[in-house]
$ cat my_file-v9.tsv   # TSV, C-alpha atoms and all ligand atoms
chain	number	residue	atom	x	y	z
Z	1	MET	CA	0.00	0.00	0.00
Z	2	ARG	CA	1.35	3.46	-0.88
Z	3	ARG	CA	1.84	5.79	2.07
Z	4	PHE	CA	2.20	9.58	2.01
Z	5	PHE	CA	3.75	12.14	4.35
Z	6	SER	CA	5.39	15.54	3.94
Z	7	PRO	CA	8.24	16.59	6.29
Z	8	ASP	CA	6.46	19.98	6.59
Z	9	GLN	CA	3.91	18.14	8.71
Z	10	LEU	CA	6.45	17.98	11.56
Z	11	ARG	CA	6.72	21.78	11.86
Z	12	HIS	CA	3.53	22.47	13.86
Z	13	ALA	CA	4.68	21.99	17.47
Z	14	PRO	CA	2.76	24.03	20.06
Z	15	ALA	CA	4.35	24.04	23.50
Z	16	GLN	CA	1.23	23.42	25.57
Z	17	GLU	CA	-2.53	23.03	25.43
Z	18	LEU	CA	-5.37	23.91	27.77
Z	19	HIS	CA	-6.52	20.49	29.01
Z	20	ASN	CA	-9.23	20.14	31.65
Z	21	GLY	CA	-8.50	23.62	32.97
Z	22	ALA	CA	-4.71	23.43	33.18
Z	23	PHE	CA	-1.83	23.75	30.77
Z	24	THR	CA	-0.24	20.43	29.84
Z	25	ALA	CA	2.18	19.29	27.14
Z	26	TYR	CA	0.53	19.35	23.69
Z	27	ALA	CA	-0.68	15.78	23.09
Z	28	GLU	CA	-0.71	15.98	19.30
Z	29	LYS	CA	3.10	16.03	19.03
Z	30	PRO	CA	5.31	15.76	15.92
Z	31	ALA	CA	6.76	12.59	17.49
Z	32	ARG	CA	3.45	10.87	16.69
Z	33	ALA	CA	4.28	11.06	13.00
Z	34	ALA	CA	7.87	9.95	13.56
Z	35	MET	CA	6.70	6.85	15.45
Z	36	ILE	CA	4.22	5.93	12.73
Z	37	LEU	CA	6.79	6.46	9.97
Z	38	ALA	CA	9.27	4.19	11.75
Z	39	ALA	CA	6.67	1.45	12.13
Z	40	ILE	CA	5.40	1.53	8.54
Z	41	GLY	CA	8.82	1.83	6.89
Z	42	GLY	CA	8.63	5.44	5.69
Z	43	ALA	CA	6.38	7.22	3.21
Z	44	GLU	CA	6.46	9.08	-0.11
Z	45	GLU	CA	6.31	12.87	-0.24
Z	46	PRO	CA	3.01	14.03	-1.72
Z	47	GLU	CA	2.85	16.05	-4.91
Z	48	ASP	CA	1.73	19.67	-4.31
Z	49	ARG	CA	-1.82	20.01	-5.70
Z	50	GLY	CA	-2.19	23.61	-4.54
Z	51	GLU	CA	-4.96	25.32	-2.57
Z	52	ALA	CA	-7.86	24.66	-4.97
Z	53	PRO	CA	-8.84	21.25	-3.48
Z	54	ILE	CA	-8.63	22.80	0.02
Z	55	ARG	CA	-10.83	25.74	-1.05
Z	56	ALA	CA	-13.37	23.20	-2.30
Z	57	VAL	CA	-14.06	22.45	1.39
Z	58	HIS	CA	-12.93	25.48	3.43
Z	59	ASP	CA	-14.00	29.15	3.26
Z	60	ALA	CA	-11.46	31.56	1.75
Z	61	ASP	CA	-11.56	33.95	4.74
Z	62	TYR	CA	-10.84	31.08	7.12
Z	63	LEU	CA	-7.83	29.91	5.08
Z	64	GLN	CA	-6.52	33.48	5.04
Z	65	PHE	CA	-7.00	33.69	8.81
Z	66	LEU	CA	-5.01	30.46	9.41
Z	67	GLN	CA	-2.10	31.88	7.41
Z	68	ASP	CA	-2.19	35.38	8.98
Z	69	ALA	CA	-3.12	34.76	12.63
Z	70	PRO	CA	0.32	33.81	14.02
Z	71	ALA	CA	1.91	37.03	12.66
Z	72	ALA	CA	-1.01	39.10	13.99
Z	73	TRP	CA	-0.58	37.43	17.37
Z	74	ALA	CA	3.14	38.27	17.41
Z	75	ALA	CA	2.40	41.83	16.26
Z	76	ALA	CA	0.08	42.19	19.28
Z	77	GLY	CA	3.16	41.55	21.42
Z	78	ARG	CA	2.33	38.00	22.52
Z	79	PRO	CA	5.40	35.82	23.14
Z	80	GLY	CA	3.71	32.37	23.02
Z	81	ASP	CA	1.43	30.38	20.72
Z	82	ALA	CA	-1.93	31.89	19.71
Z	83	LEU	CA	-4.93	30.72	21.79
Z	84	PRO	CA	-8.52	32.00	21.75
Z	85	TYR	CA	-10.35	32.97	24.94
Z	86	ALA	CA	-13.54	34.77	23.80
Z	87	PHE	CA	-16.15	33.28	21.47
Z	88	PRO	CA	-19.10	34.80	19.54
Z	89	ILE	CA	-21.60	32.17	20.68
Z	90	VAL	CA	-24.91	31.36	19.01
Z	91	GLY	CA	-26.97	34.46	18.35
Z	92	ARG	CA	-24.11	36.94	17.94
Z	93	ARG	CA	-24.38	38.80	14.64
Z	94	PRO	CA	-21.66	38.67	11.99
Z	95	LEU	CA	-19.28	41.56	12.59
Z	96	ARG	CA	-16.19	42.92	10.99
Z	97	LEU	CA	-13.61	41.78	13.52
Z	98	ASP	CA	-10.14	43.28	13.59
Z	99	ARG	CA	-8.35	42.46	16.82
Z	100	ILE	CA	-6.52	39.12	16.69
Z	101	ASP	CA	-8.22	37.95	19.91
Z	102	ALA	CA	-11.65	38.55	18.40
Z	103	LEU	CA	-10.67	36.65	15.26
Z	104	MET	CA	-9.24	33.72	17.24
Z	105	GLY	CA	-12.58	33.23	18.99
Z	106	ARG	CA	-14.47	33.66	15.71
Z	107	TYR	CA	-12.60	30.84	13.98
Z	108	ALA	CA	-11.97	28.46	16.91
Z	109	PHE	CA	-14.60	26.30	18.59
Z	110	ASP	CA	-12.39	25.41	21.55
Z	111	ALA	CA	-9.29	26.60	23.42
Z	112	THR	CA	-7.26	23.38	23.04
Z	113	THR	CA	-5.60	24.12	19.71
Z	114	PRO	CA	-2.83	26.75	19.66
Z	115	LEU	CA	-1.72	28.25	16.36
Z	116	THR	CA	1.99	28.76	15.67
Z	117	PRO	CA	3.89	30.34	12.76
Z	118	LYS	CA	4.44	26.79	11.40
Z	119	THR	CA	0.84	25.61	11.71
Z	120	TRP	CA	-0.25	26.51	8.19
Z	121	ALA	CA	2.69	24.71	6.55
Z	122	SER	CA	1.96	21.55	8.54
Z	123	ALA	CA	-1.78	21.60	7.93
Z	124	TYR	CA	-1.21	22.27	4.23
Z	125	GLY	CA	1.22	19.31	4.04
Z	126	SER	CA	-1.32	17.12	5.84
Z	127	ALA	CA	-3.98	18.05	3.28
Z	128	GLN	CA	-1.57	17.33	0.40
Z	129	SER	CA	-0.87	13.88	1.87
Z	130	ALA	CA	-4.61	13.18	2.00
Z	131	LEU	CA	-4.94	14.30	-1.62
Z	132	ALA	CA	-1.99	12.15	-2.71
Z	133	ALA	CA	-3.55	9.04	-1.13
Z	134	THR	CA	-6.90	9.89	-2.70
Z	135	HIS	CA	-5.38	10.31	-6.15
Z	136	ALA	CA	-3.41	7.06	-5.82
Z	137	VAL	CA	-6.73	5.30	-5.23
Z	138	LEU	CA	-8.49	7.23	-7.99
Z	139	ALA	CA	-5.68	6.08	-10.31
Z	140	GLY	CA	-6.41	2.44	-9.52
Z	141	ASP	CA	-4.81	1.43	-6.22
Z	142	ARG	CA	-7.22	-0.44	-3.94
Z	143	THR	CA	-6.10	1.45	-0.82
Z	144	ALA	CA	-3.61	4.15	0.16
Z	145	PHE	CA	-2.63	5.70	3.48
Z	146	ALA	CA	-2.11	9.38	4.28
Z	147	LEU	CA	-0.17	9.94	7.50
Z	148	CYS	CA	-2.16	13.07	8.28
Z	149	ARG	CA	-0.69	15.05	11.13
Z	150	PRO	CA	-2.08	17.49	12.13
Z	151	PRO	CA	-5.36	15.54	11.99
Z	152	GLY	CA	-8.55	16.97	10.48
Z	153	HIS	CA	-11.95	15.68	11.55
Z	154	HIS	CA	-12.72	18.38	14.15
Z	155	ALA	CA	-12.15	21.21	11.63
Z	156	GLY	CA	-15.21	22.66	9.90
Z	157	ALA	CA	-15.50	24.73	6.73
Z	158	ASP	CA	-14.66	27.87	8.73
Z	159	TYR	CA	-13.36	26.72	12.13
Z	160	PHE	CA	-10.51	24.91	13.86
Z	161	GLY	CA	-10.21	22.98	17.13
Z	162	GLY	CA	-9.45	19.56	18.56
Z	163	TYR	CA	-5.87	19.69	17.18
Z	164	CYS	CA	-7.37	20.06	13.65
Z	165	HIS	CA	-7.11	22.91	11.12
Z	166	LEU	CA	-7.88	21.50	7.66
Z	167	ASN	CA	-10.39	18.67	7.36
Z	168	VAL	CA	-8.28	16.12	5.50
Z	169	ALA	CA	-11.07	13.51	5.26
Z	170	ALA	CA	-13.48	16.08	3.80
Z	171	ILE	CA	-10.81	17.30	1.36
Z	172	ALA	CA	-10.22	13.68	0.27
Z	173	ALA	CA	-13.95	12.96	-0.09
Z	174	GLN	CA	-14.54	16.16	-2.08
Z	175	ALA	CA	-11.60	15.31	-4.37
Z	176	ALA	CA	-13.18	11.91	-5.06
Z	177	ARG	CA	-16.50	13.65	-5.81
Z	178	ASP	CA	-14.78	16.08	-8.15
Z	179	ALA	CA	-13.08	13.15	-9.92
Z	180	GLY	CA	-16.50	11.74	-10.76
Z	181	HIS	CA	-17.55	9.51	-7.86
Z	182	GLU	CA	-21.19	10.45	-7.31
Z	183	ARG	CA	-21.61	8.78	-3.93
Z	184	VAL	CA	-18.70	8.94	-1.47
Z	185	ALA	CA	-18.72	7.63	2.10
Z	186	ILE	CA	-16.59	8.61	5.08
Z	187	LEU	CA	-16.17	6.08	7.89
Z	188	ASP	CA	-14.80	7.79	11.03
Z	189	ILE	CA	-13.43	5.43	13.69
Z	190	ASP	CA	-11.43	7.90	15.76
Z	191	TYR	CA	-12.37	7.87	19.48
Z	192	HIS	CA	-13.87	11.34	19.14
Z	193	HIS	CA	-16.81	12.34	16.98
Z	194	GLY	CA	-15.73	14.12	13.77
Z	195	ASN	CA	-17.87	17.20	14.22
Z	196	GLY	CA	-16.13	19.12	11.43
Z	197	THR	CA	-16.70	16.39	8.87
Z	198	GLN	CA	-20.33	16.06	9.95
Z	199	ASP	CA	-20.90	19.83	9.67
Z	200	ILE	CA	-19.28	20.06	6.22
Z	201	PHE	CA	-21.57	17.40	4.71
Z	202	TRP	CA	-24.62	17.95	6.99
Z	203	GLN	CA	-26.94	19.13	4.21
Z	204	ARG	CA	-25.49	17.02	1.40
Z	205	SER	CA	-26.89	13.80	-0.02
Z	206	ASP	CA	-23.76	12.88	-2.03
Z	207	VAL	CA	-21.37	12.25	0.87
Z	208	PHE	CA	-22.41	9.81	3.61
Z	209	TYR	CA	-20.79	10.35	7.01
Z	210	ALA	CA	-20.76	7.46	9.53
Z	211	SER	CA	-18.96	7.70	12.86
Z	212	VAL	CA	-18.29	5.28	15.74
Z	213	HIS	CA	-17.11	7.27	18.77
Z	214	ALA	CA	-17.27	7.94	22.49
Z	215	ASP	CA	-20.69	9.18	23.56
Z	216	PRO	CA	-20.63	13.01	23.46
Z	217	ALA	CA	-22.73	12.98	26.63
Z	218	THR	CA	-19.46	12.12	28.40
Z	219	ASP	CA	-16.76	13.05	25.91
Z	220	TYR	CA	-15.35	15.81	23.74
Z	221	PRO	CA	-16.61	17.36	21.43
Z	222	PHE	CA	-19.84	17.25	23.52
Z	223	TYR	CA	-22.08	19.28	21.19
Z	224	TRP	CA	-22.08	16.93	18.20
Z	225	GLY	CA	-22.23	13.17	17.60
Z	226	HIS	CA	-25.46	12.27	19.40
Z	227	ALA	CA	-27.41	9.38	17.88
Z	228	ASP	CA	-30.33	11.58	16.81
Z	229	GLU	CA	-28.14	13.70	14.50
Z	230	ILE	CA	-28.90	12.36	11.00
Z	231	GLY	CA	-28.32	15.36	8.70
Z	232	GLU	CA	-30.75	17.97	7.42
Z	233	GLY	CA	-32.48	18.96	4.19
Z	234	ALA	CA	-31.05	17.03	1.25
Z	235	GLY	CA	-28.59	15.49	3.72
Z	236	GLU	CA	-31.25	13.95	5.97
Z	237	GLY	CA	-30.31	10.30	6.45
Z	238	ALA	CA	-26.75	10.77	5.12
Z	239	THR	CA	-25.24	11.13	8.62
Z	240	LEU	CA	-25.04	8.17	11.00
Z	241	ASN	CA	-23.79	8.50	14.58
Z	242	LEU	CA	-23.00	5.45	16.70
Z	243	PRO	CA	-21.93	6.64	20.19
Z	244	LEU	CA	-20.47	4.05	22.58
Z	245	PRO	CA	-19.77	4.09	26.35
Z	246	HIS	CA	-16.47	4.26	28.23
Z	247	GLY	CA	-14.79	0.84	28.46
Z	248	THR	CA	-15.92	-0.25	24.97
Z	249	LYS	CA	-13.91	-3.28	23.78
Z	250	ALA	CA	-13.39	-4.76	20.33
Z	251	ASP	CA	-16.61	-6.79	20.09
Z	252	ALA	CA	-18.94	-3.83	20.72
Z	253	PHE	CA	-16.83	-1.51	18.57
Z	254	ARG	CA	-16.78	-4.05	15.74
Z	255	ALA	CA	-20.57	-4.49	15.94
Z	256	ALA	CA	-21.09	-0.72	15.71
Z	257	GLN	CA	-18.66	-0.50	12.80
Z	258	ALA	CA	-20.62	-3.29	11.07
Z	259	ILE	CA	-23.76	-1.14	11.29
Z	260	ALA	CA	-21.86	1.75	9.72
Z	261	LEU	CA	-20.45	-0.49	6.96
Z	262	ASP	CA	-23.89	-1.87	6.20
Z	263	ALA	CA	-25.28	1.67	5.89
Z	264	ILE	CA	-22.39	2.65	3.59
Z	265	ALA	CA	-23.13	-0.38	1.38
Z	266	ARG	CA	-26.85	0.53	1.26
Z	267	PHE	CA	-25.90	4.12	0.34
Z	268	ARG	CA	-24.16	2.51	-2.66
Z	269	ALA	CA	-20.96	4.48	-2.18
Z	270	THR	CA	-18.32	3.90	-4.84
Z	271	PHE	CA	-15.42	5.48	-2.93
Z	272	LEU	CA	-14.56	5.27	0.78
Z	273	VAL	CA	-12.52	7.59	2.99
Z	274	VAL	CA	-11.56	6.18	6.40
Z	275	SER	CA	-10.79	8.60	9.24
Z	276	TYR	CA	-8.63	6.31	11.38
Z	277	GLY	CA	-7.80	7.21	14.99
Z	278	ALA	CA	-5.73	4.99	17.26
Z	279	ASP	CA	-7.05	6.82	20.33
Z	280	THR	CA	-9.53	3.95	20.84
Z	281	TRP	CA	-6.53	1.94	22.12
Z	282	GLU	CA	-6.70	0.69	25.72
Z	283	GLY	CA	-3.72	2.76	26.89
Z	284	ASP	CA	-4.55	6.07	25.22
Z	285	PRO	CA	-3.82	8.92	27.68
Z	286	ILE	CA	-6.88	11.07	26.81
Z	287	SER	CA	-9.47	8.39	25.91
Z	288	LYS	CA	-11.47	5.62	27.57
Z	289	PHE	CA	-12.05	2.72	25.16
Z	290	ALA	CA	-10.23	-0.62	25.45
Z	291	LEU	CA	-9.23	-1.82	22.00
Z	292	THR	CA	-5.98	-3.79	21.65
Z	293	THR	CA	-3.34	-3.61	18.94
Z	294	PRO	CA	-4.45	-6.82	17.12
Z	295	ASP	CA	-8.07	-5.57	17.11
Z	296	TYR	CA	-7.17	-2.97	14.47
Z	297	ALA	CA	-6.32	-5.63	11.88
Z	298	VAL	CA	-9.75	-7.19	12.46
Z	299	LEU	CA	-11.53	-3.84	12.04
Z	300	ALA	CA	-9.54	-3.21	8.85
Z	301	ARG	CA	-10.47	-6.61	7.38
Z	302	ASP	CA	-14.13	-5.84	8.01
Z	303	ILE	CA	-13.74	-2.49	6.21
Z	304	ALA	CA	-11.83	-4.10	3.32
Z	305	SER	CA	-14.64	-6.64	2.88
Z	306	LEU	CA	-16.80	-3.79	1.52
Z	307	GLY	CA	-14.60	-4.04	-1.57
Z	308	LEU	CA	-14.48	-0.25	-2.10
Z	309	PRO	CA	-11.55	1.85	-3.30
Z	310	THR	CA	-10.36	3.26	0.02
Z	311	ALA	CA	-8.24	6.25	1.04
Z	312	ILE	CA	-7.21	6.09	4.71
Z	313	VAL	CA	-6.36	9.29	6.58
Z	314	MET	CA	-4.78	9.40	10.05
Z	315	GLU	CA	-6.69	11.22	12.77
Z	316	GLY	CA	-5.92	10.89	16.53
Z	317	GLY	CA	-3.95	8.50	18.78
Z	318	TYR	CA	-1.85	9.83	21.65
Z	319	ALA	CA	-0.13	6.81	23.23
Z	320	ILE	CA	3.11	7.58	21.44
Z	321	ASP	CA	4.91	4.30	22.23
Z	322	ALA	CA	2.06	2.14	20.92
Z	323	LEU	CA	1.05	4.34	18.00
Z	324	GLY	CA	3.35	2.79	15.39
Z	325	ALA	CA	2.22	-0.75	16.16
Z	326	ASN	CA	-1.43	0.26	16.19
Z	327	VAL	CA	-1.24	1.92	12.78
Z	328	ALA	CA	0.80	-0.97	11.34
Z	329	SER	CA	-1.79	-3.44	12.65
Z	330	PHE	CA	-4.63	-1.48	11.04
Z	331	LEU	CA	-2.88	-1.22	7.67
Z	332	SER	CA	-2.02	-4.94	7.74
Z	333	GLY	CA	-5.73	-5.77	7.57
Z	334	PHE	CA	-6.22	-4.23	4.12
A	1	LIG	N1	-10.36	16.72	28.54
A	1	LIG	C1	-8.36	14.10	17.77
A	1	LIG	O1	-8.28	12.99	18.24
A	1	LIG	N2	-9.02	17.63	24.08
A	1	LIG	N3	-8.56	15.18	18.53
A	1	LIG	C2	-10.02	17.01	24.86
A	1	LIG	C3	-10.50	16.35	27.16
A	1	LIG	C4	-9.23	17.63	22.66
A	1	LIG	C5	-8.74	15.06	19.95
A	1	LIG	C6	-9.88	17.41	26.28
A	1	LIG	C7	-9.15	16.26	22.05
A	1	LIG	C8	-9.10	16.36	20.55
A	1	LIG	C9	-8.13	14.32	16.32
A	2	ZN	ZN	-9.63	11.54	18.53

$ encode --input "my_file-v9.tsv" --output "structure tokens"
Amino acid sequence: MRRFFSPDQLRHAPAQELHNGAFTAYAEKPARAAMILAAIGGAEEPEDRGEAPIRAVHDADYLQFLQDAPAAWAAAGRPGDALPYAFPIVGRRPLRLDRIDALMGRYAFDATTPLTPKTWASAYGSAQSALAATHAVLAGDRTAFALCRPPGHHAGADYFGGYCHLNVAAIAAQAARDAGHERVAILDIDYHHGNGTQDIFWQRSDVFYASVHADPATDYPFYWGHADEIGEGAGEGATLNLPLPHGTKADAFRAAQAIALDAIARFRATFLVVSYGADTWEGDPISKFALTTPDYAVLARDIASLGLPTAIVMEGGYAIDALGANVASFLSGF
């Protein structure tokens, strides 16, 4: 299986994050990518396909903000990474916002995801890796893997958060649509619900979004991913949420994934994007499921049995020492 990664993806390295009310070391470290690369025997550098496939998913003003914010933050005299602290919550009217702090809150949905001067280069590289894997599959490969870091599934068309800036799964799915696949499915098996992916395709009938994740009643991102969220308008029925409780082991996870796979088959998708997170692993430091390393090969075999051309993008997974083995196990099942 071809694998893609750009060295630029290592450059985003915030010092700390706001976690449960205190500053802790940033969990989504560059070392995650290094551990995965070592375990899978390296990766190819993606071709640069430019901003157009990113603009097909994200708003132009948001992309400009991501590129400009770190310099604006520095110009405001701030020594550290850029973090938001004020948010224009539901009901606030659109305003012309100038101060960097106002913009940070406008484009962020949480305070866990600092921006640095290197963030854009890393996120852009991550998106190019997702596009390279997608195009390898469009060109005839059965599967391909994008080592996306930073991850993507919490990022919406015009917002960042949850360690995510550009929604790599959405960019991959849209690229498959634009290449002629009329029905594309995204299977999201990260521990957390992919709120950004869900929002991007919420009103669309051409991209099916199915997610197996920790119940948002107990887990981040809290405000999305409940079982009664099924899409709206033309997209009604094209979103499927399968929340699971703390302590979930392989059998229950696999059964939920089987429901998602069955729905994807009934949707008659012709192209599949998998948002893969290894934060469902039993030892993950920020999560509470109990999957084991060999379980990932089993989940992958179940996905492969759909028989769809499949682009896999990396999402979360924060147990650095186990991350390489977990990703290698998953890829071995295809
Ligand atoms: N106390 C991904 O896995 N922090 N993002 C949660 C819980 C954010 C995870 C804080 C977790 C985001 C791609
Ligand atoms: Zn996650």

$ closest_residue --input "my_file-v9.tsv" --among "Z:Ala260, Z:Ala170, Z:Cys164, Z:Ala185" --to "Val57 in chain Z" --atoms "all atoms listed in the file"
Z:Ala170

$ closest_atom_pairs --input "my_file-v9.tsv" --of "range 116-184 of chain Z" --to "range 19-40 of chain Z" --cutoff "10 Å" --atoms "all atoms listed in the file" --output "tab-separated table"
residue	atom	partner	partner_atom	distance
Z:Ser122	CA	Z:Pro30	CA	10.0
Z:Leu147	CA	Z:Ala33	CA	7.2
Z:Cys148	CA	Z:Ala33	CA	8.2
Z:Arg149	CA	Z:Ala33	CA	6.6
Z:Pro150	CA	Z:Glu28	CA	7.5
Z:Pro151	CA	Z:Glu28	CA	8.7
Z:Gly162	CA	Z:Glu28	CA	9.5
Z:Tyr163	CA	Z:Glu28	CA	6.7
Z:Cys164	CA	Z:Glu28	CA	9.6

$ axis_aligned_box --input "my_file-v9.tsv" --around "range 42-51 of chain Z" --padding-each-side "4 Å" --output "JSON"
{"center_x": 1.8, "center_y": 15.4, "center_z": 0.0, "size_x": 21.6, "size_y": 27.9, "size_z": 19.4}

$ residues_near_point --input "my_file-v9.tsv" --point "(2.0, 23.2, 7.3)" --cutoff "10 Å" --atoms "all atoms listed in the file" --output "ChimeraX atom specification"
/Z:6-12,67,117-128,149-150,165

$ residues_near_ligand --input "my_file-v9.tsv" --ligand "ligand LIG 1 (chain A)" --cutoff "7 Å" --atoms "all atoms listed in the file" --output "PyMOL selection string"
chain Z and resi 19-20+112+151-154+162-164+190-192+220+277+279+286+315-317

$ atom_distance --input "my_file-v9.tsv" --atom1 "CA of Ile320 in chain Z" --atom2 "CA of Leu242 in chain Z"
26.6 Å

$ build_atoms --input "my_file-v9.tsv" --residues "range 252-272 of chain Z" --atoms "N, CA and C atoms" --output "PDB file, in the frame of the given file"
ATOM      1  N   ALA Z 252     -17.896  -4.855  20.848  1.00  0.00           N
ATOM      2  CA  ALA Z 252     -18.940  -3.830  20.720  1.00  0.00           C
ATOM      3  C   ALA Z 252     -18.561  -2.805  19.656  1.00  0.00           C
ATOM      4  N   PHE Z 253     -17.264  -2.478  19.590  1.00  0.00           N
ATOM      5  CA  PHE Z 253     -16.830  -1.510  18.570  1.00  0.00           C
ATOM      6  C   PHE Z 253     -17.043  -2.107  17.186  1.00  0.00           C
ATOM      7  N   ARG Z 254     -16.665  -3.389  17.042  1.00  0.00           N
ATOM      8  CA  ARG Z 254     -16.780  -4.050  15.740  1.00  0.00           C
ATOM      9  C   ARG Z 254     -18.249  -4.145  15.306  1.00  0.00           C
ATOM     10  N   ALA Z 255     -19.133  -4.397  16.262  1.00  0.00           N
ATOM     11  CA  ALA Z 255     -20.570  -4.490  15.940  1.00  0.00           C
ATOM     12  C   ALA Z 255     -21.094  -3.130  15.474  1.00  0.00           C
ATOM     13  N   ALA Z 256     -20.655  -2.055  16.137  1.00  0.00           N
ATOM     14  CA  ALA Z 256     -21.090  -0.720  15.710  1.00  0.00           C
ATOM     15  C   ALA Z 256     -20.528  -0.401  14.323  1.00  0.00           C
ATOM     16  N   GLN Z 257     -19.268  -0.758  14.128  1.00  0.00           N
ATOM     17  CA  GLN Z 257     -18.660  -0.500  12.800  1.00  0.00           C
ATOM     18  C   GLN Z 257     -19.412  -1.285  11.714  1.00  0.00           C
ATOM     19  N   ALA Z 258     -19.882  -2.480  12.049  1.00  0.00           N
ATOM     20  CA  ALA Z 258     -20.620  -3.290  11.070  1.00  0.00           C
ATOM     21  C   ALA Z 258     -21.918  -2.589  10.660  1.00  0.00           C
ATOM     22  N   ILE Z 259     -22.554  -1.912  11.617  1.00  0.00           N
ATOM     23  CA  ILE Z 259     -23.760  -1.140  11.290  1.00  0.00           C
ATOM     24  C   ILE Z 259     -23.420  -0.009  10.331  1.00  0.00           C
ATOM     25  N   ALA Z 260     -22.302   0.657  10.599  1.00  0.00           N
ATOM     26  CA  ALA Z 260     -21.860   1.750   9.720  1.00  0.00           C
ATOM     27  C   ALA Z 260     -21.526   1.212   8.323  1.00  0.00           C
ATOM     28  N   LEU Z 261     -20.833   0.080   8.259  1.00  0.00           N
ATOM     29  CA  LEU Z 261     -20.450  -0.490   6.960  1.00  0.00           C
ATOM     30  C   LEU Z 261     -21.677  -0.913   6.161  1.00  0.00           C
ATOM     31  N   ASP Z 262     -22.648  -1.464   6.862  1.00  0.00           N
ATOM     32  CA  ASP Z 262     -23.890  -1.870   6.200  1.00  0.00           C
ATOM     33  C   ASP Z 262     -24.605  -0.647   5.618  1.00  0.00           C
ATOM     34  N   ALA Z 263     -24.626   0.445   6.376  1.00  0.00           N
ATOM     35  CA  ALA Z 263     -25.280   1.670   5.890  1.00  0.00           C
ATOM     36  C   ALA Z 263     -24.531   2.239   4.684  1.00  0.00           C
ATOM     37  N   ILE Z 264     -23.203   2.155   4.713  1.00  0.00           N
ATOM     38  CA  ILE Z 264     -22.390   2.650   3.590  1.00  0.00           C
ATOM     39  C   ILE Z 264     -22.673   1.816   2.332  1.00  0.00           C
ATOM     40  N   ALA Z 265     -22.812   0.503   2.518  1.00  0.00           N
ATOM     41  CA  ALA Z 265     -23.130  -0.380   1.380  1.00  0.00           C
ATOM     42  C   ALA Z 265     -24.512  -0.036   0.825  1.00  0.00           C
ATOM     43  N   ARG Z 266     -25.483   0.207   1.708  1.00  0.00           N
ATOM     44  CA  ARG Z 266     -26.850   0.530   1.260  1.00  0.00           C
ATOM     45  C   ARG Z 266     -26.901   1.903   0.596  1.00  0.00           C
ATOM     46  N   PHE Z 267     -26.009   2.801   0.984  1.00  0.00           N
ATOM     47  CA  PHE Z 267     -25.900   4.120   0.340  1.00  0.00           C
ATOM     48  C   PHE Z 267     -25.352   3.980  -1.079  1.00  0.00           C
ATOM     49  N   ARG Z 268     -24.768   2.823  -1.367  1.00  0.00           N
ATOM     50  CA  ARG Z 268     -24.160   2.510  -2.660  1.00  0.00           C
ATOM     51  C   ARG Z 268     -22.997   3.452  -2.992  1.00  0.00           C
ATOM     52  N   ALA Z 269     -22.176   3.693  -1.966  1.00  0.00           N
ATOM     53  CA  ALA Z 269     -20.960   4.480  -2.180  1.00  0.00           C
ATOM     54  C   ALA Z 269     -20.044   3.738  -3.141  1.00  0.00           C
ATOM     55  N   THR Z 270     -19.293   4.521  -3.935  1.00  0.00           N
ATOM     56  CA  THR Z 270     -18.320   3.900  -4.840  1.00  0.00           C
ATOM     57  C   THR Z 270     -16.885   4.250  -4.446  1.00  0.00           C
ATOM     58  N   PHE Z 271     -16.749   5.084  -3.405  1.00  0.00           N
ATOM     59  CA  PHE Z 271     -15.420   5.480  -2.930  1.00  0.00           C
ATOM     60  C   PHE Z 271     -15.536   5.676  -1.417  1.00  0.00           C
ATOM     61  N   LEU Z 272     -14.524   5.177  -0.687  1.00  0.00           N
ATOM     62  CA  LEU Z 272     -14.560   5.270   0.780  1.00  0.00           C
ATOM     63  C   LEU Z 272     -13.337   6.025   1.300  1.00  0.00           C
TER      64      LEU Z 272
END
